[in-house]
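**Q** Input start25.tsv, format and content: TSV, C-alpha atoms.
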```tsv
chain	number	residue	atom	x	y	z
K	2	MET	CA	56.23	116.71	204.89
K	3	ALA	CA	56.70	118.36	201.51
K	4	SER	CA	56.46	116.14	198.44
K	5	HIS	CA	60.05	116.98	197.41
K	6	ASN	CA	61.18	115.61	200.79
K	7	ASP	CA	59.19	112.43	200.15
K	8	PHE	CA	60.85	112.14	196.73
K	9	GLY	CA	64.29	112.63	198.28
K	10	ASN	CA	63.62	110.05	200.98
K	11	LYS	CA	62.40	107.57	198.37
K	12	ALA	CA	65.53	108.21	196.30
K	13	GLU	CA	67.72	107.51	199.34
K	14	GLU	CA	65.83	104.25	199.95
K	15	LEU	CA	66.31	103.23	196.31
K	16	ALA	CA	70.01	104.09	196.52
K	17	ALA	CA	70.45	102.04	199.71
K	18	ASP	CA	68.63	99.07	198.15
K	19	PHE	CA	70.84	99.38	195.05
K	20	LEU	CA	73.97	99.36	197.22
K	21	VAL	CA	72.87	96.33	199.24
K	22	LYS	CA	72.08	94.43	196.01
K	23	ASN	CA	75.63	95.26	194.87
K	24	ASN	CA	77.22	93.84	198.03
K	25	TYR	CA	77.73	97.07	199.95
K	26	LYS	CA	77.20	97.01	203.70
K	27	ILE	CA	75.26	100.05	204.92
K	28	LEU	CA	76.93	101.51	208.02
K	29	ALA	CA	74.81	104.64	208.47
K	30	LYS	CA	72.12	106.73	206.84
K	31	ASN	CA	71.61	110.47	207.25
K	32	PHE	CA	74.75	110.84	209.37
K	33	ARG	CA	74.95	114.38	210.75
K	34	PHE	CA	77.88	116.45	211.91
K	35	GLN	CA	77.38	120.15	212.58
K	36	LYS	CA	75.81	121.59	209.39
K	37	ALA	CA	76.70	118.58	207.26
K	38	GLU	CA	74.79	115.43	206.45
K	39	ILE	CA	76.00	112.31	204.69
K	40	ASP	CA	73.14	110.48	203.01
K	41	ILE	CA	74.68	107.00	203.15
K	42	ILE	CA	77.89	105.60	204.59
K	43	ALA	CA	78.70	102.13	203.30
K	44	GLU	CA	81.53	99.64	203.25
K	45	LYS	CA	82.79	97.42	200.45
K	46	ASP	CA	86.14	95.92	199.48
K	47	ASP	CA	87.81	97.24	202.64
K	48	LEU	CA	86.77	100.84	201.79
K	49	ILE	CA	84.47	103.26	203.53
K	50	ILE	CA	82.24	104.83	200.88
K	51	ILE	CA	80.57	108.16	201.50
K	52	ILE	CA	77.55	108.52	199.23
K	53	GLU	CA	75.65	111.67	198.35
K	54	VAL	CA	72.25	110.90	196.83
K	55	LYS	CA	70.86	113.43	194.36
K	56	ALA	CA	67.40	113.06	192.89
K	57	ARG	CA	65.53	115.17	190.39
K	58	SER	CA	62.18	114.79	188.74
K	59	SER	CA	63.86	115.84	185.47
K	60	ASP	CA	67.31	116.61	184.10
K	61	ALA	CA	65.95	119.36	181.86
K	62	PHE	CA	67.89	122.13	183.59
K	63	ALA	CA	70.88	120.34	185.12
K	64	LEU	CA	72.11	116.89	185.98
K	65	PRO	CA	71.55	115.95	189.64
K	66	GLN	CA	75.27	115.52	190.35
K	67	GLU	CA	75.89	119.13	189.32
K	68	ALA	CA	74.23	120.16	192.60
K	69	VAL	CA	77.24	118.84	194.52
K	70	ASN	CA	79.27	122.04	194.64
K	71	LYS	CA	82.49	122.92	196.48
K	72	LYS	CA	80.65	124.05	199.61
K	73	LYS	CA	78.68	120.78	199.73
K	74	ILE	CA	81.88	118.79	199.21
K	75	ARG	CA	83.58	120.61	202.10
K	76	LEU	CA	80.64	119.79	204.37
K	77	ILE	CA	80.59	116.13	203.32
K	78	VAL	CA	84.35	115.80	203.82
K	79	SER	CA	84.17	117.33	207.31
K	80	ALA	CA	81.37	114.94	208.29
K	81	ALA	CA	83.30	112.00	206.81
K	82	ASN	CA	86.39	112.93	208.82
K	83	TYR	CA	84.29	113.09	211.97
K	84	PHE	CA	82.71	109.70	211.21
K	85	LEU	CA	86.15	108.13	210.73
K	86	GLU	CA	87.42	109.63	214.01
K	87	GLU	CA	84.35	108.47	215.94
K	88	SER	CA	84.37	104.97	214.44
K	89	GLY	CA	88.12	104.52	214.84
K	90	SER	CA	88.29	103.23	211.27
K	91	GLU	CA	91.56	103.48	209.43
K	92	LYS	CA	90.16	102.24	206.14
K	93	GLU	CA	90.55	104.24	202.98
K	94	ILE	CA	87.63	106.42	202.00
K	95	ARG	CA	85.90	107.02	198.68
K	96	PHE	CA	83.33	109.65	197.78
K	97	ASP	CA	80.51	108.60	195.44
K	98	ILE	CA	77.34	110.17	194.12
K	99	ILE	CA	74.20	108.23	193.30
K	100	THR	CA	71.71	110.00	191.07
K	101	VAL	CA	68.06	109.06	190.77
K	102	LEU	CA	66.03	110.25	187.79
K	103	PRO	CA	62.79	109.00	186.28
K	104	ASP	CA	63.09	107.52	182.80
K	105	LYS	CA	60.54	108.12	180.03
K	106	ALA	CA	58.38	105.29	181.35
K	107	GLY	CA	58.36	106.76	184.85
K	108	ASN	CA	60.69	104.14	186.35
K	109	MET	CA	63.49	105.38	188.56
K	110	GLU	CA	66.90	105.16	186.96
K	111	ILE	CA	69.90	104.89	189.29
K	112	ASN	CA	73.37	106.01	188.25
K	113	HIS	CA	76.27	105.24	190.61
K	114	ILE	CA	79.25	107.55	190.10
K	115	GLU	CA	82.25	106.12	191.92
K	116	ASN	CA	85.08	108.47	192.95
K	117	ALA	CA	82.83	111.43	192.12
K	118	PHE	CA	85.08	113.82	194.01
K	119	GLN	CA	88.18	113.85	196.17
K	120	SER	CA	88.91	115.10	199.66
K	121	ILE	CA	91.43	117.80	198.85
K	122	ASP	CA	92.26	121.07	200.59
K	123	SER	CA	91.74	123.13	197.43
K	124	VAL	CA	88.07	122.15	197.27
```
Using structure tokens, write down the structure that the file contains.
**A**
Amino acid sequence: MASHNDFGNKAEELAADFLVKNNYKILAKNFRFQKAEIDIIAEKDDLIIIIEVKARSSDAFALPQEAVNKKKIRLIVSAANYFLEESGSEKEIRFDIITVLPDKAGNMEINHIENAFQSIDSV
């Protein structure tokens, strides 16, 4: 497996650990629907939270969350709708992004962006 895949997998593990420590219940990881994948689906405070994890080795060129474009949002939303249909859940949904970047000391810094984007038709 390529080292960037290893880095991405590690970032997803760190994000899941962060969520659990903050009282989120992990419902699914790497949930796939057609061409879409949701990194983490969690539950907290009677909400279903769809989380896209973005990791970069540096933010020199762009912030990790800037990689979540309209096409990616459409894919995530379609997969989220499918998950809700399959699970039978009628809970409200929220879309978050968790970014993982190394700090100057080499430690991984996690930033949780709640309500990072909305499920709207104009996206």
**Q** Identify, on the basis of all atoms listed in the file, every residue whose closest approach to Ser79 in chain K does not exceed 12 Å; exclude the query and any residue fewer than 2 positions from it along the same chain; express the result as a ChimeraX atom specification.
**A** /K:32-39,51,72-77,81-86,120-122,124
**Q** Just give me the residues with any atom within 6 Å of (87.1, 106.4, 200.5), file coordinates, counting all atoms listed in the file, written as an MDAnalysis selection string.
**A** chainID K and resid 48:50 93:96
**Q** Go through K:Leu28, K:Leu20, K:Asp47, K:Glu14 one by one, measure the shortest atom-to-atom distance of each to Glu91 in chain K using only C-alpha atoms, and give the residue with the smallest value.
**A** K:Asp47
**Q** Work out how far apart CA of Glu67 in chain K and CA of Asp104 in chain K are and give it in Å to one decimal.
**A** 18.5 Å
**Q** Of the residues K:Asp18, K:Asp46, K:Glu87, K:Glu13, which is the one nearest to Val101 in chain K, using all atoms listed in the file?
**A** K:Glu13
**Q** Please measure the separation of CA of Val69 in chain K and CA of Phe118 in chain K, giving the value in Å to one decimal.
**A**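 Straight-line distance from CA of Val69 in chain K to CA of Phe118 in chain K works out to 9.3 Å.
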**Q** Mind giving me the straight-line distance from CA of Lys11 in chain K to CA of Glu53 in chain K in Å, one decimal?
**A** 13.9 Å
**Q** Between K:Asn112, K:Asn70, K:Asn10, K:Asn24, which is the closest to Asp40 in chain K once you count only C-alpha atoms?
**A** K:Asn10
**Q** Set the distance at 7 Å and use only C-alpha atoms: which residues neighbour Ala56 in chain K once local chain neighbours fewer than 2 positions away are removed? I'd like the list as an NGL selection string.
**A** :K and (9 or 12 or 54 or 58 or 65 or 100-102)
**Q** Choose the residue, out of K:Ile52, K:Asp97, K:Gly89, K:Glu44, that has the smallest atom-to-atom separation from Asn31 in chain K; count only C-alpha atoms.
**A**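 Checking each candidate against Asn31 in chain K, we get K:Ile52 as the closest.
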**Q** Using only C-alpha atoms for the distances, tell me which of K:Ile41, K:Val78, K:Ala29, K:Ile98 is nearest to Ala117 in chain K.
**A**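 Answer, going by the shortest atom-to-atom distance: K:Ile98.
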**Q** Find the residue from K:Ile27, K:Ala43, K:Val21, K:Ala16 that sits nearest to His113 in chain K; use only C-alpha atoms when measuring.
**A**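 Using only C-alpha atoms, His113 in chain K sits closest to K:Ala16.
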